[in-house]
Structure formats: structure tokens, C-alpha cells
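Shown below: model.cif, with mmCIF, C-alpha atoms; chains and numbers go by the auth columns.
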data_coords
#
loop_
_atom_site.group_PDB
_atom_site.id
_atom_site.type_symbol
_atom_site.label_atom_id
_atom_site.label_comp_id
_atom_site.label_asym_id
_atom_site.label_seq_id
_atom_site.Cartn_x
_atom_site.Cartn_y
_atom_site.Cartn_z
_atom_site.B_iso_or_equiv
_atom_site.auth_seq_id
_atom_site.auth_asym_id
ATOM 1 C CA MET A 1 -10.800 -7.833 -5.188 0.00 237 A
ATOM 2 C CA CYS A 2 -9.587 -5.231 -2.747 0.00 238 A
ATOM 3 C CA GLU A 3 -6.581 -6.018 -0.618 0.00 239 A
ATOM 4 C CA ASN A 4 -4.930 -3.826 1.940 0.00 240 A
ATOM 5 C CA ILE A 5 -1.255 -3.561 2.688 0.00 241 A
ATOM 6 C CA LYS A 6 0.394 -2.562 5.922 0.00 242 A
ATOM 7 C CA LEU A 7 3.497 -0.492 6.415 0.00 243 A
ATOM 8 C CA ASN A 8 5.383 -0.375 9.670 0.00 244 A
ATOM 9 C CA SER A 9 6.774 3.009 10.720 0.00 245 A
ATOM 10 C CA GLU A 10 10.223 1.367 10.833 0.00 246 A
ATOM 11 C CA ILE A 11 10.196 1.388 7.036 0.00 247 A
ATOM 12 C CA LEU A 12 10.857 5.131 7.099 0.00 248 A
ATOM 13 C CA GLY A 13 14.194 4.574 8.818 0.00 249 A
ATOM 14 C CA ARG A 14 15.435 1.987 6.349 0.00 250 A
ATOM 15 C CA ARG A 15 18.078 3.226 3.963 0.00 251 A
ATOM 16 C CA GLU A 16 16.563 1.678 0.824 0.00 252 A
ATOM 17 C CA TYR A 17 13.443 3.822 1.232 0.00 253 A
ATOM 18 C CA LEU A 18 15.168 7.164 1.849 0.00 254 A
ATOM 19 C CA THR A 19 13.980 8.730 -1.380 0.00 255 A
ATOM 20 C CA ALA A 20 10.370 9.431 -2.233 0.00 256 A
ATOM 21 C CA ALA A 21 10.860 7.746 -5.608 0.00 257 A
ATOM 22 C CA ARG A 22 12.011 4.448 -4.049 0.00 258 A
ATOM 23 C CA PHE A 23 9.211 4.503 -1.507 0.00 259 A
ATOM 24 C CA LYS A 24 6.646 5.171 -4.252 0.00 260 A
ATOM 25 C CA LEU A 25 8.101 2.363 -6.353 0.00 261 A
ATOM 26 C CA PHE A 26 8.024 -0.156 -3.501 0.00 262 A
ATOM 27 C CA VAL A 27 4.434 0.678 -2.524 0.00 263 A
ATOM 28 C CA THR A 28 3.397 0.378 -6.188 0.00 264 A
ATOM 29 C CA LEU A 29 5.051 -3.045 -6.381 0.00 265 A
ATOM 30 C CA LEU A 30 3.172 -4.125 -3.257 0.00 266 A
ATOM 31 C CA PHE A 31 -0.164 -3.148 -4.790 0.00 267 A
ATOM 32 C CA LEU A 32 0.616 -4.727 -8.184 0.00 268 A
ATOM 33 C CA ALA A 33 1.913 -8.025 -6.806 0.00 269 A
ATOM 34 C CA SER A 34 -0.226 -11.120 -7.252 0.00 270 A
ATOM 35 C CA LYS A 35 -2.509 -11.683 -4.264 0.00 271 A
ATOM 36 C CA GLU A 36 -2.548 -15.445 -4.853 0.00 272 A
ATOM 37 C CA ASP A 37 -0.813 -18.038 -7.014 0.00 273 A
ATOM 38 C CA CYS A 38 -1.978 -17.673 -10.615 0.00 274 A
ATOM 39 C CA GLN A 39 -1.123 -17.952 -14.305 0.00 275 A
ATOM 40 C CA VAL A 40 -0.378 -14.812 -16.334 0.00 276 A
ATOM 41 C CA ASP A 41 0.446 -15.098 -20.028 0.00 277 A
ATOM 42 C CA GLY A 42 1.343 -18.761 -19.538 0.00 278 A
ATOM 43 C CA LYS A 43 3.730 -17.927 -16.690 0.00 279 A
ATOM 44 C CA SER A 44 3.092 -19.241 -13.190 0.00 280 A
ATOM 45 C CA LEU A 45 3.189 -16.515 -10.585 0.00 281 A
ATOM 46 C CA LYS A 46 3.305 -17.079 -6.874 0.00 282 A
ATOM 47 C CA ARG A 47 1.748 -14.829 -4.271 0.00 283 A
ATOM 48 C CA GLY A 48 3.866 -11.657 -4.038 0.00 284 A
ATOM 49 C CA GLU A 49 5.191 -11.781 -7.623 0.00 285 A
ATOM 50 C CA LEU A 50 4.368 -9.630 -10.621 0.00 286 A
ATOM 51 C CA ILE A 51 5.268 -9.452 -14.282 0.00 287 A
ATOM 52 C CA THR A 52 6.156 -5.962 -15.408 0.00 288 A
ATOM 53 C CA SER A 53 8.758 -3.929 -17.263 0.00 289 A
ATOM 54 C CA ILE A 54 10.855 -0.890 -16.454 0.00 290 A
ATOM 55 C CA LYS A 55 8.808 1.147 -18.914 0.00 291 A
ATOM 56 C CA ALA A 56 5.487 -0.007 -17.418 0.00 292 A
ATOM 57 C CA LEU A 57 6.645 0.824 -13.895 0.00 293 A
ATOM 58 C CA SER A 58 7.816 4.204 -15.119 0.00 294 A
ATOM 59 C CA GLU A 59 4.387 4.929 -16.585 0.00 295 A
ATOM 60 C CA GLN A 60 2.498 3.606 -13.533 0.00 296 A
ATOM 61 C CA THR A 61 4.549 5.601 -11.032 0.00 297 A
ATOM 62 C CA SER A 62 5.299 8.732 -13.086 0.00 298 A
ATOM 63 C CA LEU A 63 8.981 8.129 -12.325 0.00 299 A
ATOM 64 C CA THR A 64 11.673 8.299 -14.979 0.00 300 A
ATOM 65 C CA VAL A 65 13.086 5.070 -16.368 0.00 301 A
ATOM 66 C CA LYS A 66 16.351 5.899 -14.614 0.00 302 A
ATOM 67 C CA GLN A 67 14.580 6.381 -11.268 0.00 303 A
ATOM 68 C CA VAL A 68 12.837 3.027 -11.678 0.00 304 A
ATOM 69 C CA ARG A 69 16.098 1.252 -12.578 0.00 305 A
ATOM 70 C CA LEU A 70 17.950 2.789 -9.644 0.00 306 A
ATOM 71 C CA GLY A 71 15.028 2.138 -7.299 0.00 307 A
ATOM 72 C CA LEU A 72 14.815 -1.527 -8.269 0.00 308 A
ATOM 73 C CA ALA A 73 18.573 -1.894 -7.840 0.00 309 A
ATOM 74 C CA ALA A 74 18.434 -0.340 -4.358 0.00 310 A
ATOM 75 C CA LEU A 75 15.497 -2.527 -3.326 0.00 311 A
ATOM 76 C CA LYS A 76 17.316 -5.620 -4.618 0.00 312 A
ATOM 77 C CA LYS A 77 20.491 -4.687 -2.769 0.00 313 A
ATOM 78 C CA ALA A 78 18.485 -4.223 0.439 0.00 314 A
ATOM 79 C CA GLY A 79 16.850 -7.639 0.040 0.00 315 A
ATOM 80 C CA ALA A 80 13.337 -6.203 -0.287 0.00 316 A
ATOM 81 C CA ILE A 81 12.811 -7.689 -3.768 0.00 317 A
ATOM 82 C CA THR A 82 14.353 -10.074 -6.250 0.00 318 A
ATOM 83 C CA THR A 83 14.053 -9.771 -10.021 0.00 319 A
ATOM 84 C CA CYS A 84 14.402 -12.051 -13.007 0.00 320 A
ATOM 85 C CA ALA A 85 14.579 -10.134 -16.285 0.00 321 A
ATOM 86 C CA SER A 86 14.160 -11.270 -19.858 0.00 322 A
ATOM 87 C CA ASN A 87 14.039 -9.301 -23.089 0.00 323 A
ATOM 88 C CA LEU A 88 10.233 -9.057 -22.797 0.00 324 A
ATOM 89 C CA HIS A 89 9.503 -8.461 -19.138 0.00 325 A
ATOM 90 C CA THR A 90 10.751 -8.636 -15.572 0.00 326 A
ATOM 91 C CA VAL A 91 9.366 -10.854 -12.829 0.00 327 A
ATOM 92 C CA VAL A 92 9.598 -9.046 -9.500 0.00 328 A
ATOM 93 C CA THR A 93 9.245 -10.973 -6.246 0.00 329 A
ATOM 94 C CA ILE A 94 8.490 -9.089 -3.050 0.00 330 A
ATOM 95 C CA CYS A 95 10.517 -10.732 -0.284 0.00 331 A
ATOM 96 C CA ASN A 96 8.414 -11.460 2.801 0.00 332 A
ATOM 97 C CA TYR A 97 5.279 -10.345 0.956 0.00 333 A
ATOM 98 C CA ASP A 98 3.010 -11.786 3.648 0.00 334 A
ATOM 99 C CA ASN A 99 4.496 -9.332 6.149 0.00 335 A
ATOM 100 C CA TYR A 100 2.997 -6.475 4.114 0.00 336 A
ATOM 101 C CA THR A 101 -0.551 -7.786 3.674 0.00 337 A
ATOM 102 C CA ILE A 102 -3.439 -7.640 6.075 0.00 338 A
#

Take the structure from the file and write it as C-alpha cells.
Amino acid sequence: MCENIKLNSEILGRREYLTAARFKLFVTLLFLASKEDCQVDGKSLKRGELITSIKALSEQTSLTVKQVRLGLAALKKAGAITTCASNLHTVVTICNYDNYTI
């Protein structure tokens, strides 16, 4: 299934997206997020959530682990995402996900 996302030009002026690494990370999260409620590995995911890890995001974005960690922290602080981490994976929720989908 192909789904498009939309980005408003205002996003470029927001502090949490000032670095290319953070912007790349956020756009990657938007594309990886679940398009509808589903079950993944026995875990219920809602629309706009994804199960991932710091290492997986690092590999998918070609960012360092440190860049991913700092990027996630900045996005959390800005209220763009929330995370719930365990020793196996991290569930990332895109806040206001519907605002980014067409």
C-alpha cells in the first residue's frame, strides 16, 4: 500500500527540525508509522505508531546512534512524538499523525 505524507512549509521554521538529521529522522518515522490499527509481534499498534529500535533507525536513516538518540529526544521535547522503550524495542507514536497524511 502506498501512502503519501504532507509537510507544511512551517515545519522548516520549527526549532526541533533545525538539523538535517532531525528532519530526516522525523520524515522516516512518518513513513514507517502504521497506516492503520494493527497487530505486530503480538503488540497492538494504533495508526501513527511504530515498533523500532535506536539501532534500526540508525541503519534505516544512515544516521549515527547518537544522532538518532538526540533526534528522538528533541522531537519528544517538542511534542512531535512520544516514546515507550523496553529492553527489546521502542514504540514511537507520532503526535497528530493524521495532520501529516493525505

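Atom CA of Lys282 of chain A is found 22.5 Å from atom CA of Gly307 of chain A.
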
What residues come out when you apply the PyMOL selection byres ((chain A and resi 333) around 10) to this file, written as a ChimeraX atom specification? /A:241,266,269-271,283-285,316-317,329-332,334-337

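If you look at atom CA of Ser280 of chain A and atom CA of Thr318 of chain A, they are 16.1 Å away from each other.
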
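For the structure shown here, the set of residues caught by the PyMOL selection byres ((chain A and resi 262-265) around 8) is Arg258, Phe259, Lys260, Leu261, Leu266, Phe267, Leu268, Ala269, Leu286, Thr297, Leu311 and Ile330 of chain A.
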
My list of candidates is A:Lys313, A:Lys279, A:His325, A:Lys242. Which is closest to Ala292 of chain A when distances are computed with all atoms listed in the file? A:His325

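Taking atom CA of Glu272 of chain A and atom CA of Thr288 of chain A as endpoints, the distance between them is 16.6 Å.
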
List the spatial neighbours of Ala257 of chain A as JSON, numbers by chain - criterion: any atom at most 10 Å away, only C-alpha atoms, same-chain residues fewer than 6 positions off excluded. {"A": [297, 298, 299, 300, 303, 304, 306, 307]}

Keeping just C-alpha atoms, export chain A of this structure as a tab-separated table (two decimals), in the first residue's frame.
chain	number	residue	atom	x	y	z
A	237	MET	CA	0.00	0.00	0.00
A	238	CYS	CA	1.31	3.41	-0.92
A	239	GLU	CA	0.53	6.32	1.34
A	240	ASN	CA	1.58	9.90	0.93
A	241	ILE	CA	2.53	12.31	3.65
A	242	LYS	CA	2.27	16.07	3.62
A	243	LEU	CA	4.66	18.58	5.08
A	244	ASN	CA	3.73	22.19	5.66
A	245	SER	CA	6.42	24.78	4.91
A	246	GLU	CA	6.04	25.96	8.53
A	247	ILE	CA	7.89	22.82	9.59
A	248	LEU	CA	11.14	24.38	8.36
A	249	GLY	CA	10.84	27.18	10.90
A	250	ARG	CA	10.28	24.89	13.87
A	251	ARG	CA	13.25	24.55	16.17
A	252	GLU	CA	13.05	20.76	16.55
A	253	TYR	CA	13.68	20.33	12.82
A	254	LEU	CA	16.64	22.71	12.50
A	255	THR	CA	19.14	19.98	11.70
A	256	ALA	CA	19.06	17.82	8.61
A	257	ALA	CA	19.46	14.73	10.79
A	258	ARG	CA	16.33	15.50	12.86
A	259	PHE	CA	14.31	16.31	9.77
A	260	LYS	CA	15.43	13.06	8.11
A	261	LEU	CA	14.57	11.11	11.26
A	262	PHE	CA	11.10	12.63	11.56
A	263	VAL	CA	10.24	12.02	7.89
A	264	THR	CA	11.46	8.42	8.23
A	265	LEU	CA	9.24	7.94	11.28
A	266	LEU	CA	6.27	9.30	9.32
A	267	PHE	CA	6.83	6.79	6.53
A	268	LEU	CA	7.41	3.85	8.90
A	269	ALA	CA	4.41	4.54	11.14
A	270	SER	CA	1.45	2.19	10.95
A	271	LYS	CA	-1.14	3.41	8.46
A	272	GLU	CA	-3.96	1.71	10.37
A	273	ASP	CA	-4.52	-0.09	13.66
A	274	CYS	CA	-2.82	-3.49	13.56
A	275	GLN	CA	-1.01	-6.22	15.47
A	276	VAL	CA	2.78	-6.55	15.20
A	277	ASP	CA	4.59	-9.30	17.08
A	278	GLY	CA	1.61	-9.65	19.42
A	279	LYS	CA	1.62	-5.92	20.19
A	280	SER	CA	-1.35	-3.75	19.27
A	281	LEU	CA	-0.35	-0.69	17.31
A	282	LYS	CA	-2.58	2.25	16.60
A	283	ARG	CA	-2.46	4.39	13.49
A	284	GLY	CA	0.67	6.58	13.69
A	285	GLU	CA	2.70	4.20	15.88
A	286	LEU	CA	5.68	2.03	15.05
A	287	ILE	CA	7.87	-0.52	16.77
A	288	THR	CA	11.55	0.08	16.19
A	289	SER	CA	14.90	0.41	17.93
A	290	ILE	CA	17.63	3.03	18.00
A	291	LYS	CA	19.89	0.69	16.05
A	292	ALA	CA	17.22	0.01	13.40
A	293	LEU	CA	16.54	3.72	12.95
A	294	SER	CA	20.26	4.33	12.68
A	295	GLU	CA	20.55	1.75	9.91
A	296	GLN	CA	17.42	2.97	8.08
A	297	THR	CA	18.45	6.62	8.12
A	298	SER	CA	22.25	6.27	7.86
A	299	LEU	CA	22.48	8.43	10.99
A	300	THR	CA	24.71	7.55	13.92
A	301	VAL	CA	23.15	6.04	17.02
A	302	LYS	CA	23.95	9.27	18.84
A	303	GLN	CA	22.20	11.36	16.17
A	304	VAL	CA	19.12	9.14	16.42
A	305	ARG	CA	19.07	9.35	20.24
A	306	LEU	CA	19.46	13.13	20.20
A	307	GLY	CA	16.91	13.49	17.40
A	308	LEU	CA	14.31	11.43	19.24
A	309	ALA	CA	14.92	13.42	22.42
A	310	ALA	CA	14.46	16.72	20.56
A	311	LEU	CA	11.29	15.50	18.85
A	312	LYS	CA	9.92	14.30	22.20
A	313	LYS	CA	10.73	17.61	23.87
A	314	ALA	CA	8.96	19.47	21.05
A	315	GLY	CA	5.86	17.28	21.42
A	316	ALA	CA	6.15	15.83	17.91
A	317	ILE	CA	6.46	12.24	19.18
A	318	THR	CA	6.17	10.16	22.31
A	319	THR	CA	8.16	7.00	23.01
A	320	CYS	CA	7.84	3.97	25.24
A	321	ALA	CA	11.06	1.96	25.42
A	322	SER	CA	11.74	-1.54	26.64
A	323	ASN	CA	14.89	-3.64	26.55
A	324	LEU	CA	13.81	-5.10	23.18
A	325	HIS	CA	12.31	-2.23	21.23
A	326	THR	CA	10.80	1.24	21.32
A	327	VAL	CA	7.24	2.15	20.43
A	328	VAL	CA	7.17	5.58	18.80
A	329	THR	CA	3.90	7.49	18.48
A	330	ILE	CA	3.68	10.37	16.04
A	331	CYS	CA	1.59	13.08	17.70
A	332	ASN	CA	-1.14	14.41	15.40
A	333	TYR	CA	-0.26	11.78	12.80
A	334	ASP	CA	-3.43	12.48	10.81
A	335	ASN	CA	-2.18	16.02	10.17
A	336	TYR	CA	0.71	14.55	8.16
A	337	THR	CA	-1.21	12.11	5.95
A	338	ILE	CA	-3.12	12.79	2.78
